[in-house]
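Chemist: Dropping the structure in here first, questions after.
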Amino acid sequence: MALLLKDGLPVEDPWISLDDAVEAIPDGPVIVSLDRWRRDRAVLVARNSPVGVRLKSSQRTGEIAPDLDRVALVALEFPKFRDGRAFSTARELRERYGYTGEIRAVGHTLPDQYQFLIRTGFSTVAVPDGANLATWQHALTEIGVAYQAGVAGDTPLSLLRRKVHLAAAPHPQGD
Amino acid sequence: MTHLSSAGAAGIYHYDETDRRFLADRVEQFRRQVARRLSGALTEDEFKPIRLMNGLYLQLHAYMLRIAVPYGVLSSDQMRGLAAIGRRYDRGYGHFTTRQNLQFNWIKLVDVPQILADLAAIDMHAIQTSGNCIRNVTTDQFAGAVADEIVDPRVYAEILRQWSTLHPEFSFLPRKFKIAITGSDHDRAAIAIHDIGIRARRGAGGAVGFEILVGGGLGRSPFLGRRLADWVPEPDLLAYLEAILRIYNQYGRRDNIYKARIKILVHEVGVDRLREQIAAEFERIRGPHYRLDAGIVDAIRSHFAPPPFATLPAVSTALDQARREDPAFARWARSNLTPHQQPGYAAVTLSLKPTGGIPGDATSDQMEAVAALADRYSFGEIRVSHEQNLVLAHVRQDDLPALWRDLGPHGLDTANAGLVGDIISCPGLDYCALANARSIPLAQEISRRFADLDRQHRIGELKIKMSGCINACGHHHVGHIGILGVDKHGVETYQITIGGDATETAALGQVVGPAVGYDRVTDVVESLIALYLERRTDGERFIDTVARIGVGPFKEKVYGAAA
């Protein structure tokens, strides 16, 4: 089973990811595909447990947008780490739709992408079996400077803005 | 450090502590990534995009490291640092590219973390010179100097450099993404052949805004950029680009590497529909979060303040006298000087295309010589042009005869900028794993055939561009004469086009006739030029004649009446 990371630390995963082929819906929080959500929405909503929806990298935010207030988690799939569509999907969920639930990266991701995931609005990452936890944790600290606006608490155009203060300050002697 | 009166005073973006901390972080990160690759924690498949995003390619014989020269601007100290790297880790030379970058072709993987550390010491890196991300932003090699400039594009190129550096959303795009910006009506940055081409303009009251082209690109499906917007106001520049990139990241094709560039999305969706989608996204995200404030622009602009020019007469008597007295100098001055904004100054092209040389190659000795000359004559600043030459952008006209004499011993005084010998060429089969045919030896042969510089001057402006495969790194589609190497049943064969143009009148060249063998290419080039000389009218350049009389007469000249 994949290890779940939040803020670089492993956390318990209360969610069960349901395969479309499994008819029975267990108790407790479940993550279903977008197809399953559409098919079984009434049943899923009627239960008294949170529901999460899993989007393929080709599925856009518009397809889940009307339902976001009933969805406690959106899982975005990375079929390959090179497929970067979910970075835009996550960001849209946050910035365009104001989604505040959990956004989870599932599939093939690399530690080297961890900061990008956080900065585009992901909250958790399901990392592959056998992943080196220390590498993932370290990845979060590797680059301490961001040059552009992101989702996770970055001030708008933060680094560019810094230049204004620098330009306003007197030049150090011997420059 | 020796303090020279004018050195280091040119407008160059100077790193601050935060920029340096970023670079140090990045070097350390890559050191760990290499260690993970060597330990097997990263597969080659996983390591590949990581090394590519640090400019590291695996070529035919060795690793190639492509170093970013942001919008082609270097300080003399940076040039000296590059020379030292070339000497220590390569074979004492480097290759300047059509993306205004520098490539070292003989690099060992184990050396790369240290090379990146050496680069960081001169505020340089190899970030995003490769990979499916936003690449080094390129611009006019005469930016901030040339007389016909309307807006200094370096200011916006630097803003885009910062904005695109490790962009969290756009580092795993469907394919590479190239942006070029010009600030003149005359486009020396080839914006029409970039994924996004930007023309900075001025509107009412002098306000800066941008015309945006999208979907230009060469390769196996060449397209010229289509106009996406006539006027994007300065504060909206980043929001508009974010909108374009977001649409591309989501809708660009990922099923086929050859159809993944944004030009294919533009072609398949249609520019009008794409414009609507981008406009809708732009309207959604427009606002304080992505707004480019005037204060930020001013702060960046302060880095590019004009150097301390002397007040000089517009006409230099020393220059005029040298022109009259020395025909060789006069010839060089005719082809290698560009009019400057500042009276009494000129921008100078140092040709990296000596007769029989390898286009764009410079030895470490030459790099050091250029650095010293930049300190002496041009405020310690150097440019790399997309035509693979170097530029000293701010030279006193009075100093030109002395500069020219100083260039000679280093083989940097070839009087052929913009002429037949000023060939753009990719590395071709001699280095590149993708190439189907040789390009460097052919460029050398053509250059030798036209070794007579007076003959080159009589022929006038003529841009030969050559690629060793369909990926078109040598921009052959937009060459006045374009040469494309293909592999035809194991034989190197060359397809020749004429009438291509990379400027504001951008056009794709038309095929002259059936492809020819390696041994015939130089003869064909000579025949094309001969016909042009027979048919040209006064003041007509090669491409003007092609436009006026069409391809037919050229085809007949090369292949005979029966063709």
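By order of appearance in the structure tokens: chains A, B, ..., then residues from 1 within every chain, and ligands from 1 in the order shown.
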For Ala433 (chain B), find every residue with an atom within 10 Å (counting only C-alpha atoms), except residues of its own chain fewer than 3 positions away, and show them as a list of chain:residue names.
Modeler: B:Tyr57, B:Leu58, B:Gln59, B:Leu60, B:His61, B:Gly428, B:Leu429, B:Asp430, B:Asn436
Chemist: Within 12 Å of Asp538 (chain B), counting only C-alpha atoms, which residues show up once you throw out same-chain ones fewer than 4 positions away? Write them as an MDAnalysis selection string, please.
Modeler: chainID B and resid 458:460 532:534 542 544:545
Chemist: Hey, could you make a per-residue contact list for region 15-122 of chain B against region 112-119 of chain A with 12 Å as the cut-off, showing the nearest pair of atoms and its distance in Å to one decimal, counting only C-alpha atoms, sorted by chain and number, as JSON lines?
Modeler:
{"residue": "B:Arg26", "atom": "CA", "partner": "A:Asp112", "partner_atom": "CA", "distance": 11.3}
{"residue": "B:Gln29", "atom": "CA", "partner": "A:Asp112", "partner_atom": "CA", "distance": 8.8}
{"residue": "B:Phe30", "atom": "CA", "partner": "A:Asp112", "partner_atom": "CA", "distance": 9.9}
{"residue": "B:Arg32", "atom": "CA", "partner": "A:Asp112", "partner_atom": "CA", "distance": 10.5}
{"residue": "B:Gln33", "atom": "CA", "partner": "A:Asp112", "partner_atom": "CA", "distance": 8.6}
{"residue": "B:Arg36", "atom": "CA", "partner": "A:Asp112", "partner_atom": "CA", "distance": 11.3}
{"residue": "B:Leu42", "atom": "CA", "partner": "A:Asp112", "partner_atom": "CA", "distance": 10.6}
{"residue": "B:Glu46", "atom": "CA", "partner": "A:Asp112", "partner_atom": "CA", "distance": 10.0}
{"residue": "B:Phe47", "atom": "CA", "partner": "A:Asp112", "partner_atom": "CA", "distance": 10.1}
{"residue": "B:Pro49", "atom": "CA", "partner": "A:Asp112", "partner_atom": "CA", "distance": 10.6}
{"residue": "B:Ile50", "atom": "CA", "partner": "A:Asp112", "partner_atom": "CA", "distance": 8.2}
{"residue": "B:Arg51", "atom": "CA", "partner": "A:Asp112", "partner_atom": "CA", "distance": 11.6}
{"residue": "B:Met53", "atom": "CA", "partner": "A:Asp112", "partner_atom": "CA", "distance": 11.5}
Chemist: Report, in Å to a single decimal, how far apart CA of Asn101 (chain B) and CA of Phe450 (chain B) are.
Modeler: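 Rounded to one decimal, the two atoms are 27.5 Å apart.
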Chemist: Mind pulling up the distance from CA of Val69 (chain B) to CA of Ala369 (chain B)?
Modeler: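 The value is 18.5 Å.
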Chemist: Just want the 8 Å neighbourhood of Ser130 (chain B), counted on only C-alpha atoms, with same-chain residues fewer than 3 positions away dropped. Output as a list of chain:residue names.
Modeler: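 Once the adjacent positions are removed, what remains is B:Leu52, B:Met53, B:Asn54, B:Gly55, B:Leu56, B:Arg66, B:Ile127, B:Cys133, B:Arg135, B:Lys176.
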Chemist: With N, CA, C and O atoms kept, could you save the residues just selected as a PDB file, in the first residue's frame?
Modeler:
ATOM      1  N   LEU B  52      17.940  16.835 -18.030  1.00  0.00           N
ATOM      2  CA  LEU B  52      17.649  17.753 -19.129  1.00  0.00           C
ATOM      3  C   LEU B  52      17.283  19.138 -18.596  1.00  0.00           C
ATOM      4  O   LEU B  52      17.703  20.152 -19.154  1.00  0.00           O
ATOM      5  N   MET B  53      16.536  19.182 -17.495  1.00  0.00           N
ATOM      6  CA  MET B  53      16.183  20.488 -16.934  1.00  0.00           C
ATOM      7  C   MET B  53      17.403  21.205 -16.372  1.00  0.00           C
ATOM      8  O   MET B  53      17.347  22.388 -16.065  1.00  0.00           O
ATOM      9  N   ASN B  54      18.497  20.475 -16.242  1.00  0.00           N
ATOM     10  CA  ASN B  54      19.774  21.101 -15.880  1.00  0.00           C
ATOM     11  C   ASN B  54      20.711  21.176 -17.078  1.00  0.00           C
ATOM     12  O   ASN B  54      21.932  21.298 -16.914  1.00  0.00           O
ATOM     13  N   GLY B  55      20.155  21.062 -18.271  1.00  0.00           N
ATOM     14  CA  GLY B  55      20.924  21.310 -19.476  1.00  0.00           C
ATOM     15  C   GLY B  55      21.842  20.188 -19.913  1.00  0.00           C
ATOM     16  O   GLY B  55      22.709  20.400 -20.765  1.00  0.00           O
ATOM     17  N   LEU B  56      21.665  18.992 -19.359  1.00  0.00           N
ATOM     18  CA  LEU B  56      22.611  17.925 -19.638  1.00  0.00           C
ATOM     19  C   LEU B  56      22.022  16.890 -20.607  1.00  0.00           C
ATOM     20  O   LEU B  56      21.074  16.185 -20.279  1.00  0.00           O
ATOM     21  N   ARG B  66      24.505  22.326 -21.805  1.00  0.00           N
ATOM     22  CA  ARG B  66      24.085  23.585 -22.426  1.00  0.00           C
ATOM     23  C   ARG B  66      23.859  24.612 -21.321  1.00  0.00           C
ATOM     24  O   ARG B  66      23.017  24.426 -20.451  1.00  0.00           O
ATOM     25  N   ILE B 127      20.015  25.839 -16.023  1.00  0.00           N
ATOM     26  CA  ILE B 127      18.621  25.514 -15.727  1.00  0.00           C
ATOM     27  C   ILE B 127      17.734  25.797 -16.934  1.00  0.00           C
ATOM     28  O   ILE B 127      17.815  26.861 -17.537  1.00  0.00           O
ATOM     29  N   CYS B 133       9.983  22.334 -20.642  1.00  0.00           N
ATOM     30  CA  CYS B 133       9.692  23.455 -19.756  1.00  0.00           C
ATOM     31  C   CYS B 133       9.914  24.737 -20.545  1.00  0.00           C
ATOM     32  O   CYS B 133      10.216  24.691 -21.735  1.00  0.00           O
ATOM     33  N   ARG B 135      11.996  27.465 -21.819  1.00  0.00           N
ATOM     34  CA  ARG B 135      13.440  27.560 -22.048  1.00  0.00           C
ATOM     35  C   ARG B 135      13.926  28.998 -21.877  1.00  0.00           C
ATOM     36  O   ARG B 135      13.135  29.922 -21.731  1.00  0.00           O
ATOM     37  N   LYS B 176       8.917  21.088 -25.080  1.00  0.00           N
ATOM     38  CA  LYS B 176       9.678  22.304 -24.800  1.00  0.00           C
ATOM     39  C   LYS B 176       8.900  23.544 -25.227  1.00  0.00           C
ATOM     40  O   LYS B 176       8.047  23.493 -26.097  1.00  0.00           O
TER      41      LYS B 176
END
Chemist: Tell me the residues of chain B close to chain A, meaning within 7 Å using only C-alpha atoms, as a ChimeraX atom specification.
Modeler: /B:22,25-26,29,162-163,165,167-169,172-173,246,249-250,289-290,295-296,299-300
